[in-house]
$ cat entry14.cif   # mmCIF, N, CA and C atoms
data_run
#
loop_
_atom_site.label_atom_id
_atom_site.label_comp_id
_atom_site.auth_asym_id
_atom_site.auth_seq_id
_atom_site.Cartn_x
_atom_site.Cartn_y
_atom_site.Cartn_z
N GLY A 1 154.46 51.62 35.84
CA GLY A 1 154.57 52.27 37.12
C GLY A 1 153.63 53.46 37.22
N ALA A 2 153.40 53.89 38.41
CA ALA A 2 152.49 55.02 38.65
C ALA A 2 153.25 56.16 39.28
N ILE A 3 152.80 57.38 38.99
CA ILE A 3 153.32 58.58 39.65
C ILE A 3 152.15 59.24 40.34
N SER A 4 152.31 59.56 41.60
CA SER A 4 151.27 60.23 42.35
C SER A 4 151.85 61.50 42.94
N MET A 5 151.17 62.62 42.69
CA MET A 5 151.59 63.89 43.29
C MET A 5 150.43 64.40 44.12
N THR A 6 150.70 64.70 45.38
CA THR A 6 149.66 65.16 46.28
C THR A 6 150.21 66.33 47.10
N VAL A 7 149.36 67.34 47.29
CA VAL A 7 149.75 68.43 48.18
C VAL A 7 148.92 68.34 49.44
N GLY A 8 149.33 69.07 50.44
CA GLY A 8 148.72 68.96 51.76
C GLY A 8 147.28 69.45 51.84
N SER A 9 146.55 68.88 52.78
CA SER A 9 145.19 69.29 53.09
C SER A 9 145.22 70.48 54.04
N GLY A 10 144.11 71.22 54.05
CA GLY A 10 144.02 72.35 54.98
C GLY A 10 142.99 72.06 56.05
N ASP A 11 143.42 71.93 57.29
CA ASP A 11 142.49 71.67 58.38
C ASP A 11 141.78 72.93 58.85
N THR A 12 142.46 74.07 58.75
CA THR A 12 141.86 75.32 59.21
C THR A 12 141.88 76.40 58.13
N GLY A 13 142.27 76.05 56.94
CA GLY A 13 142.34 77.03 55.86
C GLY A 13 142.32 76.33 54.52
N THR A 14 142.88 76.98 53.53
CA THR A 14 142.89 76.47 52.17
C THR A 14 143.85 75.31 52.04
N GLY A 15 143.43 74.30 51.27
CA GLY A 15 144.32 73.19 50.97
C GLY A 15 145.45 73.64 50.07
N GLY A 16 146.49 72.85 50.00
CA GLY A 16 147.66 73.20 49.19
C GLY A 16 147.33 73.25 47.71
N ALA A 17 147.99 74.14 46.98
CA ALA A 17 147.80 74.28 45.55
C ALA A 17 148.88 73.52 44.80
N MET A 18 148.59 73.17 43.55
CA MET A 18 149.56 72.49 42.71
C MET A 18 149.64 73.21 41.37
N THR A 19 150.84 73.49 40.94
CA THR A 19 151.05 74.16 39.67
C THR A 19 152.04 73.35 38.85
N LEU A 20 151.72 73.11 37.60
CA LEU A 20 152.60 72.42 36.68
C LEU A 20 152.81 73.36 35.50
N THR A 21 154.04 73.83 35.31
CA THR A 21 154.31 74.86 34.32
C THR A 21 155.46 74.44 33.43
N ALA A 22 155.27 74.60 32.10
CA ALA A 22 156.35 74.35 31.17
C ALA A 22 157.25 75.59 31.12
N GLY A 23 158.47 75.41 30.68
CA GLY A 23 159.46 76.49 30.70
C GLY A 23 159.20 77.58 29.69
N GLU A 24 159.62 78.79 30.05
CA GLU A 24 159.54 79.93 29.14
C GLU A 24 160.89 80.09 28.44
N SER A 25 160.90 80.89 27.36
CA SER A 25 162.13 81.11 26.63
C SER A 25 162.21 82.56 26.19
N THR A 26 163.41 83.14 26.29
CA THR A 26 163.63 84.49 25.77
C THR A 26 164.22 84.45 24.37
N ALA A 27 164.51 83.26 23.85
CA ALA A 27 165.15 83.15 22.54
C ALA A 27 164.39 82.24 21.57
N GLY A 28 163.21 81.78 21.94
CA GLY A 28 162.48 80.88 21.05
C GLY A 28 161.12 80.57 21.62
N ASP A 29 160.57 79.45 21.22
CA ASP A 29 159.25 79.03 21.67
C ASP A 29 159.28 78.59 23.13
N GLY A 30 158.15 78.82 23.82
CA GLY A 30 158.01 78.30 25.17
C GLY A 30 157.85 76.79 25.13
N GLY A 31 158.12 76.16 26.25
CA GLY A 31 158.01 74.71 26.33
C GLY A 31 156.56 74.25 26.27
N ALA A 32 156.33 73.09 25.72
CA ALA A 32 154.99 72.52 25.61
C ALA A 32 154.67 71.70 26.85
N LEU A 33 153.41 71.58 27.15
CA LEU A 33 152.95 70.74 28.24
C LEU A 33 151.98 69.73 27.66
N MET A 34 152.29 68.47 27.79
CA MET A 34 151.45 67.42 27.22
C MET A 34 151.01 66.47 28.31
N LEU A 35 149.74 66.18 28.34
CA LEU A 35 149.19 65.23 29.29
C LEU A 35 148.54 64.12 28.47
N THR A 36 149.09 62.94 28.53
CA THR A 36 148.62 61.84 27.69
C THR A 36 148.39 60.61 28.56
N ALA A 37 147.22 60.01 28.41
CA ALA A 37 146.95 58.76 29.11
C ALA A 37 147.57 57.60 28.34
N GLY A 38 147.69 56.47 29.02
CA GLY A 38 148.34 55.31 28.44
C GLY A 38 147.56 54.67 27.31
N GLU A 39 148.30 54.19 26.33
CA GLU A 39 147.73 53.47 25.20
C GLU A 39 147.65 52.00 25.56
N SER A 40 146.55 51.35 25.19
CA SER A 40 146.44 49.91 25.42
C SER A 40 147.08 49.17 24.26
N MET A 41 148.04 48.34 24.57
CA MET A 41 148.73 47.56 23.55
C MET A 41 148.30 46.10 23.57
N ALA A 42 147.29 45.78 24.40
CA ALA A 42 146.85 44.39 24.55
C ALA A 42 146.13 43.92 23.29
N ALA A 43 146.31 42.66 22.97
CA ALA A 43 145.65 42.08 21.81
C ALA A 43 144.27 41.55 22.15
N ALA A 44 143.78 41.82 23.35
CA ALA A 44 142.47 41.33 23.76
C ALA A 44 141.38 41.94 22.88
N VAL A 45 140.24 41.29 22.84
CA VAL A 45 139.13 41.75 22.02
C VAL A 45 138.68 43.14 22.44
N SER A 46 138.70 43.44 23.72
CA SER A 46 138.22 44.72 24.20
C SER A 46 139.19 45.29 25.23
N SER A 47 140.18 46.02 24.74
CA SER A 47 141.09 46.70 25.66
C SER A 47 140.97 48.20 25.39
N THR A 48 140.94 48.99 26.44
CA THR A 48 140.65 50.41 26.35
C THR A 48 141.86 51.22 26.77
N GLY A 49 142.11 52.29 26.03
CA GLY A 49 143.17 53.21 26.41
C GLY A 49 142.80 53.93 27.69
N GLY A 50 143.79 54.47 28.37
CA GLY A 50 143.55 55.19 29.62
C GLY A 50 142.77 56.48 29.39
N ALA A 51 142.01 56.89 30.37
CA ALA A 51 141.19 58.10 30.30
C ALA A 51 141.93 59.28 30.91
N VAL A 52 141.58 60.49 30.46
CA VAL A 52 142.06 61.72 31.07
C VAL A 52 140.85 62.43 31.65
N THR A 53 140.89 62.71 32.93
CA THR A 53 139.78 63.37 33.60
C THR A 53 140.29 64.61 34.31
N VAL A 54 139.64 65.73 34.06
CA VAL A 54 139.96 66.97 34.76
C VAL A 54 138.72 67.38 35.52
N THR A 55 138.80 67.43 36.83
CA THR A 55 137.64 67.74 37.66
C THR A 55 138.02 68.81 38.67
N ALA A 56 137.20 69.84 38.74
CA ALA A 56 137.42 70.87 39.75
C ALA A 56 136.90 70.38 41.10
N GLY A 57 137.34 71.02 42.15
CA GLY A 57 136.98 70.61 43.50
C GLY A 57 135.53 70.92 43.85
N ALA A 58 134.97 70.10 44.70
CA ALA A 58 133.61 70.30 45.20
C ALA A 58 133.62 71.38 46.26
N GLY A 59 132.54 72.13 46.34
CA GLY A 59 132.40 73.16 47.37
C GLY A 59 131.66 72.63 48.57
N ALA A 60 131.88 73.22 49.71
CA ALA A 60 131.18 72.83 50.93
C ALA A 60 130.76 74.09 51.67
N GLY A 61 129.94 73.92 52.65
CA GLY A 61 129.47 75.06 53.43
C GLY A 61 127.97 75.03 53.52
N THR A 62 127.43 75.82 54.39
CA THR A 62 125.98 75.80 54.62
C THR A 62 125.23 76.82 53.79
N THR A 63 125.93 77.80 53.17
CA THR A 63 125.21 78.82 52.42
C THR A 63 125.67 78.96 50.98
N THR A 64 126.96 79.14 50.74
CA THR A 64 127.42 79.38 49.37
C THR A 64 128.64 78.55 49.02
N GLY A 65 128.57 77.28 49.24
CA GLY A 65 129.70 76.40 48.92
C GLY A 65 129.73 76.12 47.42
N LYS A 66 130.39 76.97 46.65
CA LYS A 66 130.42 76.83 45.20
C LYS A 66 131.50 75.85 44.78
N GLY A 67 131.19 75.06 43.76
CA GLY A 67 132.19 74.17 43.18
C GLY A 67 133.23 74.96 42.42
N GLY A 68 134.41 74.40 42.31
CA GLY A 68 135.48 75.05 41.56
C GLY A 68 135.20 75.05 40.07
N ALA A 69 135.79 75.97 39.35
CA ALA A 69 135.58 76.11 37.91
C ALA A 69 136.70 75.40 37.15
N VAL A 70 136.40 74.99 35.93
CA VAL A 70 137.39 74.47 34.99
C VAL A 70 137.46 75.45 33.84
N SER A 71 138.63 75.92 33.55
CA SER A 71 138.82 76.91 32.48
C SER A 71 139.88 76.41 31.52
N ILE A 72 139.58 76.46 30.23
CA ILE A 72 140.54 76.08 29.20
C ILE A 72 140.69 77.30 28.30
N SER A 73 141.88 77.84 28.21
CA SER A 73 142.13 79.02 27.40
C SER A 73 143.39 78.82 26.58
N ALA A 74 143.36 79.32 25.36
CA ALA A 74 144.56 79.28 24.51
C ALA A 74 145.41 80.51 24.81
N GLY A 75 146.62 80.49 24.32
CA GLY A 75 147.57 81.56 24.59
C GLY A 75 147.29 82.84 23.82
N VAL A 76 147.77 83.95 24.38
CA VAL A 76 147.66 85.27 23.76
C VAL A 76 148.71 85.38 22.66
N GLY A 77 148.34 85.94 21.51
CA GLY A 77 149.29 86.23 20.45
C GLY A 77 149.73 87.68 20.55
N ALA A 78 150.99 87.95 20.90
CA ALA A 78 151.44 89.32 21.11
C ALA A 78 151.40 90.12 19.82
N GLU A 79 151.83 89.57 18.71
CA GLU A 79 151.81 90.26 17.43
C GLU A 79 151.10 89.43 16.36
N GLY A 80 150.71 88.22 16.66
CA GLY A 80 150.00 87.36 15.72
C GLY A 80 148.69 86.92 16.33
N VAL A 81 148.05 85.96 15.70
CA VAL A 81 146.76 85.49 16.20
C VAL A 81 146.95 84.73 17.51
N GLY A 82 145.92 84.72 18.32
CA GLY A 82 145.94 83.94 19.55
C GLY A 82 145.87 82.46 19.25
N GLY A 83 146.19 81.66 20.24
CA GLY A 83 146.13 80.21 20.07
C GLY A 83 144.71 79.71 19.92
N ALA A 84 144.55 78.55 19.32
CA ALA A 84 143.24 77.95 19.09
C ALA A 84 142.92 76.94 20.19
N VAL A 85 141.64 76.71 20.42
CA VAL A 85 141.17 75.66 21.31
C VAL A 85 140.42 74.65 20.45
N THR A 86 140.84 73.41 20.52
CA THR A 86 140.21 72.35 19.72
C THR A 86 139.75 71.25 20.65
N VAL A 87 138.52 70.84 20.50
CA VAL A 87 137.98 69.70 21.23
C VAL A 87 137.53 68.69 20.19
N SER A 88 138.13 67.53 20.18
CA SER A 88 137.82 66.51 19.18
C SER A 88 137.60 65.17 19.85
N SER A 89 136.72 64.39 19.28
CA SER A 89 136.55 63.02 19.76
C SER A 89 137.60 62.13 19.12
N GLY A 90 137.71 60.94 19.64
CA GLY A 90 138.69 59.99 19.11
C GLY A 90 138.23 59.34 17.82
N VAL A 91 139.20 58.99 16.99
CA VAL A 91 138.93 58.30 15.73
C VAL A 91 138.67 56.83 16.03
N GLY A 92 137.68 56.26 15.40
CA GLY A 92 137.47 54.82 15.44
C GLY A 92 138.01 54.24 14.15
N THR A 93 139.20 53.68 14.17
CA THR A 93 139.83 53.27 12.92
C THR A 93 139.06 52.18 12.19
N ALA A 94 138.30 51.36 12.92
CA ALA A 94 137.51 50.32 12.28
C ALA A 94 136.02 50.54 12.44
N THR A 95 135.61 51.42 13.35
CA THR A 95 134.18 51.66 13.57
C THR A 95 133.93 53.15 13.70
N SER A 96 132.96 53.52 14.50
CA SER A 96 132.54 54.91 14.63
C SER A 96 133.53 55.73 15.44
N SER A 97 133.56 57.04 15.18
CA SER A 97 134.34 57.94 16.02
C SER A 97 133.61 58.15 17.34
N GLY A 98 134.30 58.68 18.32
CA GLY A 98 133.69 58.95 19.62
C GLY A 98 132.77 60.14 19.56
N ALA A 99 131.92 60.27 20.56
CA ALA A 99 130.95 61.37 20.64
C ALA A 99 131.56 62.56 21.38
N VAL A 100 131.02 63.74 21.12
CA VAL A 100 131.36 64.95 21.87
C VAL A 100 130.08 65.45 22.50
N LEU A 101 130.08 65.62 23.80
CA LEU A 101 128.90 66.09 24.52
C LEU A 101 129.27 67.33 25.30
N ILE A 102 128.53 68.39 25.07
CA ILE A 102 128.71 69.63 25.85
C ILE A 102 127.37 69.91 26.49
N GLN A 103 127.32 69.91 27.79
CA GLN A 103 126.04 70.10 28.47
C GLN A 103 126.24 70.75 29.82
N THR A 104 125.17 71.36 30.33
CA THR A 104 125.18 71.81 31.71
C THR A 104 124.57 70.71 32.56
N SER A 105 124.87 70.72 33.83
CA SER A 105 124.31 69.71 34.73
C SER A 105 122.92 70.11 35.20
N ASN A 106 122.20 69.15 35.72
CA ASN A 106 120.89 69.40 36.29
C ASN A 106 121.01 70.30 37.52
N SER A 107 119.95 71.02 37.83
CA SER A 107 119.97 71.86 39.02
C SER A 107 119.81 70.99 40.26
N GLY A 108 120.06 71.61 41.40
CA GLY A 108 119.81 70.93 42.66
C GLY A 108 118.34 71.04 43.02
N THR A 109 118.04 70.86 44.29
CA THR A 109 116.64 70.88 44.72
C THR A 109 116.01 72.25 44.56
N THR A 110 116.81 73.31 44.55
CA THR A 110 116.32 74.65 44.24
C THR A 110 117.24 75.23 43.17
N GLY A 111 116.77 76.20 42.43
CA GLY A 111 117.59 76.83 41.42
C GLY A 111 117.29 76.30 40.03
N VAL A 112 118.13 76.69 39.10
CA VAL A 112 117.96 76.28 37.70
C VAL A 112 119.25 75.64 37.23
N SER A 113 119.17 74.92 36.11
CA SER A 113 120.39 74.36 35.54
C SER A 113 121.23 75.49 34.96
N GLY A 114 122.49 75.24 34.72
CA GLY A 114 123.41 76.27 34.24
C GLY A 114 123.09 76.76 32.83
N ASN A 115 123.46 78.00 32.55
CA ASN A 115 123.28 78.57 31.21
C ASN A 115 124.35 78.04 30.27
N MET A 116 124.05 78.14 28.97
CA MET A 116 125.02 77.76 27.96
C MET A 116 125.06 78.87 26.92
N ALA A 117 126.25 79.29 26.54
CA ALA A 117 126.40 80.34 25.54
C ALA A 117 127.44 79.94 24.52
N LEU A 118 127.18 80.24 23.27
CA LEU A 118 128.15 80.09 22.19
C LEU A 118 128.35 81.48 21.64
N LYS A 119 129.53 82.05 21.82
CA LYS A 119 129.72 83.47 21.56
C LYS A 119 131.07 83.71 20.91
N THR A 120 131.09 84.60 19.93
CA THR A 120 132.35 85.05 19.36
C THR A 120 132.78 86.33 20.06
N GLY A 121 134.02 86.68 19.94
CA GLY A 121 134.54 87.87 20.57
C GLY A 121 134.17 89.14 19.82
N THR A 122 134.38 90.28 20.46
CA THR A 122 134.12 91.57 19.83
C THR A 122 135.34 92.00 19.02
N SER A 123 135.14 92.96 18.14
CA SER A 123 136.21 93.46 17.30
C SER A 123 136.20 94.98 17.31
N THR A 124 137.37 95.59 17.41
CA THR A 124 137.46 97.05 17.38
C THR A 124 137.88 97.56 16.00
N SER A 125 138.23 96.67 15.07
CA SER A 125 138.70 97.15 13.77
C SER A 125 138.28 96.26 12.61
N GLY A 126 137.14 95.62 12.71
CA GLY A 126 136.69 94.77 11.60
C GLY A 126 135.54 93.90 12.04
N ALA A 127 135.30 92.88 11.25
CA ALA A 127 134.19 91.96 11.53
C ALA A 127 134.50 91.10 12.75
N THR A 128 133.45 90.67 13.42
CA THR A 128 133.63 89.73 14.52
C THR A 128 133.76 88.32 13.94
N GLY A 129 134.15 87.39 14.77
CA GLY A 129 134.25 86.00 14.34
C GLY A 129 132.88 85.43 14.04
N SER A 130 132.87 84.32 13.33
CA SER A 130 131.61 83.66 13.01
C SER A 130 131.63 82.26 13.61
N TYR A 131 130.48 81.63 13.63
CA TYR A 131 130.46 80.23 14.01
C TYR A 131 129.61 79.46 13.01
N THR A 132 129.99 78.21 12.81
CA THR A 132 129.35 77.36 11.82
C THR A 132 129.04 76.02 12.46
N VAL A 133 127.86 75.51 12.23
CA VAL A 133 127.48 74.17 12.68
C VAL A 133 127.20 73.36 11.43
N THR A 134 127.98 72.32 11.22
CA THR A 134 127.80 71.47 10.04
C THR A 134 127.93 70.01 10.45
N THR A 135 127.48 69.16 9.59
CA THR A 135 127.71 67.72 9.75
C THR A 135 128.71 67.29 8.70
N GLY A 136 129.32 66.15 8.90
CA GLY A 136 130.27 65.62 7.93
C GLY A 136 129.56 65.00 6.73
N ASP A 137 130.34 64.71 5.70
CA ASP A 137 129.79 64.04 4.52
C ASP A 137 129.47 62.59 4.86
N ALA A 138 128.40 62.08 4.24
CA ALA A 138 128.01 60.69 4.48
C ALA A 138 128.19 59.89 3.19
N ALA A 139 128.89 58.77 3.29
CA ALA A 139 129.09 57.93 2.11
C ALA A 139 128.07 56.81 2.04
N GLY A 140 127.38 56.50 3.15
CA GLY A 140 126.46 55.38 3.12
C GLY A 140 125.25 55.60 4.02
N GLY A 141 124.84 56.83 4.20
CA GLY A 141 123.70 57.12 5.08
C GLY A 141 123.36 58.58 5.04
N LEU A 142 122.62 59.04 6.02
CA LEU A 142 122.19 60.42 6.06
C LEU A 142 123.30 61.32 6.60
N ALA A 143 123.42 62.51 6.02
CA ALA A 143 124.38 63.49 6.51
C ALA A 143 123.68 64.42 7.47
#

$ encode --input "entry14.cif" --output "structure tokens"
Amino acid sequence: GAISMTVGSGDTGTGGAMTLTAGESTAGDGGALMLTAGESMAAAVSSTGGAVTVTAGAGAGTTTGKGGAVSISAGVGAEGVGGAVTVSSGVGTATSSGAVLIQTSNSGTTGVSGNMALKTGTSTSGATGSYTVTTGDAAGGLA
């Protein structure tokens, strides 16, 4: 079965907003929010699991119709470390793992393509974070 949630359109103003929030707790951990696409259980030679797509809204207008932003942030740690953000490709149990692509889009007819930055945060009482780029170990080819 399918579930469809839609909020109203705006004919003279902003369209309706949608918020999905897990519960908070004063006595323990907050509730988790999980978004999972369907698993393919078919025995066919080529059956694919469902995809998850997050897309911000397109902008319109004659001068500054900016597209909406997509932001992924981990939680704040009040007395401990903040939450982590992990982006991983899928495992190929019999073949290759999936690819990870991070890129900016091409520019329009005027302008430039978007900037890309890889940056660690600042520190007021010690070293800043580091970043490492490595490849995995290779058992039968180039690493």

$ residues_around --input "entry14.cif" --residues "segment 47-57 of chain A" --least-positions-apart "4" --cutoff "8 Å" --atoms "only C-alpha atoms" --output "list of chain:residue names"
A:Thr36, A:Ala37, A:Gly38, A:Glu39, A:Ser40, A:Met41, A:Ala42, A:Ala43, A:Gly67, A:Gly68, A:Ala69, A:Val70

$ atom_distance --input "entry14.cif" --atom1 "atom N of Tyr131 of chain A" --atom2 "atom CA of Ala117 of chain A"
12.7 Å

$ atom_distance --input "entry14.cif" --atom1 "atom CA of Leu35 of chain A" --atom2 "atom CA of Ser97 of chain A"
21.2 Å

$ residues_near_point --input "entry14.cif" --point "(154.9, 72.6, 27.0)" --cutoff "6.5 Å" --atoms "all atoms listed in the file" --output "PyMOL selection string"
chain A and resi 22-23+30-34

$ atom_distance --input "entry14.cif" --atom1 "atom CA of Thr132 of chain A" --atom2 "atom CA of Ser105 of chain A"
24.7 Å

$ axis_aligned_box --input "entry14.cif" --around "segment 104-119 of chain A" --padding-each-side "3 Å" --output "lines of an AutoDock Vina configuration file"
center_x = 123.5
center_y = 76.4
center_z = 32.8
size_x = 21.1
size_y = 20.6
size_z = 29.8

$ residues_near_point --input "entry14.cif" --point "(141.1, 75.8, 29.1)" --cutoff "12 Å" --atoms "only C-alpha atoms" --output "list of chain:residue names"
A:Val54, A:Ala69, A:Val70, A:Ser71, A:Ile72, A:Ser73, A:Ala74, A:Gly75, A:Gly83, A:Ala84, A:Val85, A:Thr86, A:Val87

$ residues_around --input "entry14.cif" --residues "Ser89 of chain A" --least-positions-apart "4" --cutoff "6 Å" --atoms "all atoms listed in the file" --output "PDB file with N, CA and C atoms, in the frame of the given file"
ATOM      1  N   SER A  97     133.560  57.040  15.180  1.00  0.00           N
ATOM      2  CA  SER A  97     134.340  57.940  16.020  1.00  0.00           C
ATOM      3  C   SER A  97     133.610  58.150  17.340  1.00  0.00           C
ATOM      4  N   GLY A  98     134.300  58.680  18.320  1.00  0.00           N
ATOM      5  CA  GLY A  98     133.690  58.950  19.620  1.00  0.00           C
ATOM      6  C   GLY A  98     132.770  60.140  19.560  1.00  0.00           C
ATOM      7  N   ALA A  99     131.920  60.270  20.560  1.00  0.00           N
ATOM      8  CA  ALA A  99     130.950  61.370  20.640  1.00  0.00           C
ATOM      9  C   ALA A  99     131.560  62.560  21.380  1.00  0.00           C
ATOM     10  N   VAL A 100     131.020  63.740  21.120  1.00  0.00           N
ATOM     11  CA  VAL A 100     131.360  64.950  21.870  1.00  0.00           C
ATOM     12  C   VAL A 100     130.080  65.450  22.500  1.00  0.00           C
TER      13      VAL A 100
END

$ residues_around --input "entry14.cif" --residues "Gly8 of chain A" --least-positions-apart "6" --cutoff "6.5 Å" --atoms "only N, CA and C atoms" --output "PDB file with N, CA and C atoms, keeping the file's coordinate frame"
ATOM      1  N   GLY A  15     143.430  74.300  51.270  1.00  0.00           N
ATOM      2  CA  GLY A  15     144.320  73.190  50.970  1.00  0.00           C
ATOM      3  C   GLY A  15     145.450  73.640  50.070  1.00  0.00           C
ATOM      4  N   GLY A  16     146.490  72.850  50.000  1.00  0.00           N
ATOM      5  CA  GLY A  16     147.660  73.200  49.190  1.00  0.00           C
ATOM      6  C   GLY A  16     147.330  73.250  47.710  1.00  0.00           C
ATOM      7  N   ALA A  17     147.990  74.140  46.980  1.00  0.00           N
ATOM      8  CA  ALA A  17     147.800  74.280  45.550  1.00  0.00           C
ATOM      9  C   ALA A  17     148.880  73.520  44.800  1.00  0.00           C
TER      10      ALA A  17
END

$ decode --input "entry14.cif" --residues "segment 15-73 of chain A" --atoms "C-alpha atoms" --output "mmCIF file, in the first residue's frame"
data_model
loop_
_atom_site.group_PDB
_atom_site.id
_atom_site.type_symbol
_atom_site.label_atom_id
_atom_site.label_comp_id
_atom_site.auth_asym_id
_atom_site.auth_seq_id
_atom_site.Cartn_x
_atom_site.Cartn_y
_atom_site.Cartn_z
ATOM 1 C CA GLY A 15 2.344 27.001 0.084
ATOM 2 C CA GLY A 16 1.599 24.880 3.130
ATOM 3 C CA ALA A 17 4.505 23.543 5.188
ATOM 4 C CA MET A 18 4.968 19.985 6.416
ATOM 5 C CA THR A 19 6.780 18.985 9.574
ATOM 6 C CA LEU A 20 7.499 15.446 10.729
ATOM 7 C CA THR A 21 8.903 15.354 14.264
ATOM 8 C CA ALA A 22 9.808 12.480 16.564
ATOM 9 C CA GLY A 23 8.875 12.785 20.234
ATOM 10 C CA GLU A 24 10.990 14.425 22.904
ATOM 11 C CA SER A 25 11.594 13.013 26.372
ATOM 12 C CA THR A 26 12.302 14.550 29.769
ATOM 13 C CA ALA A 27 13.343 11.179 31.235
ATOM 14 C CA GLY A 28 15.394 9.497 28.496
ATOM 15 C CA ASP A 29 16.376 9.537 24.851
ATOM 16 C CA GLY A 30 14.355 11.420 22.268
ATOM 17 C CA GLY A 31 12.439 9.408 19.710
ATOM 18 C CA ALA A 32 14.170 8.347 16.503
ATOM 19 C CA LEU A 33 12.963 9.208 13.029
ATOM 20 C CA MET A 34 13.652 6.626 10.349
ATOM 21 C CA LEU A 35 12.869 6.927 6.669
ATOM 22 C CA THR A 36 13.386 3.658 4.818
ATOM 23 C CA ALA A 37 12.458 2.723 1.273
ATOM 24 C CA GLY A 38 11.069 -0.698 0.468
ATOM 25 C CA GLU A 39 13.277 -3.743 0.102
ATOM 26 C CA SER A 40 12.851 -5.848 -3.018
ATOM 27 C CA MET A 41 12.112 -9.438 -2.091
ATOM 28 C CA ALA A 42 11.597 -10.619 -5.690
ATOM 29 C CA ALA A 43 13.652 -13.531 -6.940
ATOM 30 C CA ALA A 44 13.954 -11.916 -10.376
ATOM 31 C CA VAL A 45 17.405 -11.512 -11.898
ATOM 32 C CA SER A 46 17.242 -7.730 -11.571
ATOM 33 C CA SER A 47 15.001 -6.354 -8.856
ATOM 34 C CA THR A 48 15.863 -3.039 -7.222
ATOM 35 C CA GLY A 49 15.104 -1.735 -3.762
ATOM 36 C CA GLY A 50 13.114 1.470 -3.467
ATOM 37 C CA ALA A 51 14.921 4.810 -3.678
ATOM 38 C CA VAL A 52 14.893 7.675 -1.184
ATOM 39 C CA THR A 53 14.933 11.123 -2.756
ATOM 40 C CA VAL A 54 15.038 14.419 -0.898
ATOM 41 C CA THR A 55 14.567 17.431 -3.150
ATOM 42 C CA ALA A 56 14.099 21.054 -2.200
ATOM 43 C CA GLY A 57 11.549 23.170 -4.035
ATOM 44 C CA ALA A 58 12.276 25.025 -7.251
ATOM 45 C CA GLY A 59 12.278 28.811 -7.198
ATOM 46 C CA ALA A 60 10.316 31.023 -9.558
ATOM 47 C CA GLY A 61 10.201 34.693 -10.361
ATOM 48 C CA THR A 62 11.689 37.082 -12.854
ATOM 49 C CA THR A 63 14.673 38.317 -10.826
ATOM 50 C CA THR A 64 15.715 36.255 -7.797
ATOM 51 C CA GLY A 65 13.766 33.016 -7.772
ATOM 52 C CA LYS A 66 16.166 30.952 -5.655
ATOM 53 C CA GLY A 67 15.778 27.214 -5.242
ATOM 54 C CA GLY A 68 15.198 25.857 -1.767
ATOM 55 C CA ALA A 69 18.127 24.504 0.253
ATOM 56 C CA VAL A 70 18.669 21.003 1.626
ATOM 57 C CA SER A 71 20.352 20.905 5.011
ATOM 58 C CA ILE A 72 21.460 17.827 6.945
ATOM 59 C CA SER A 73 22.674 18.465 10.480
#
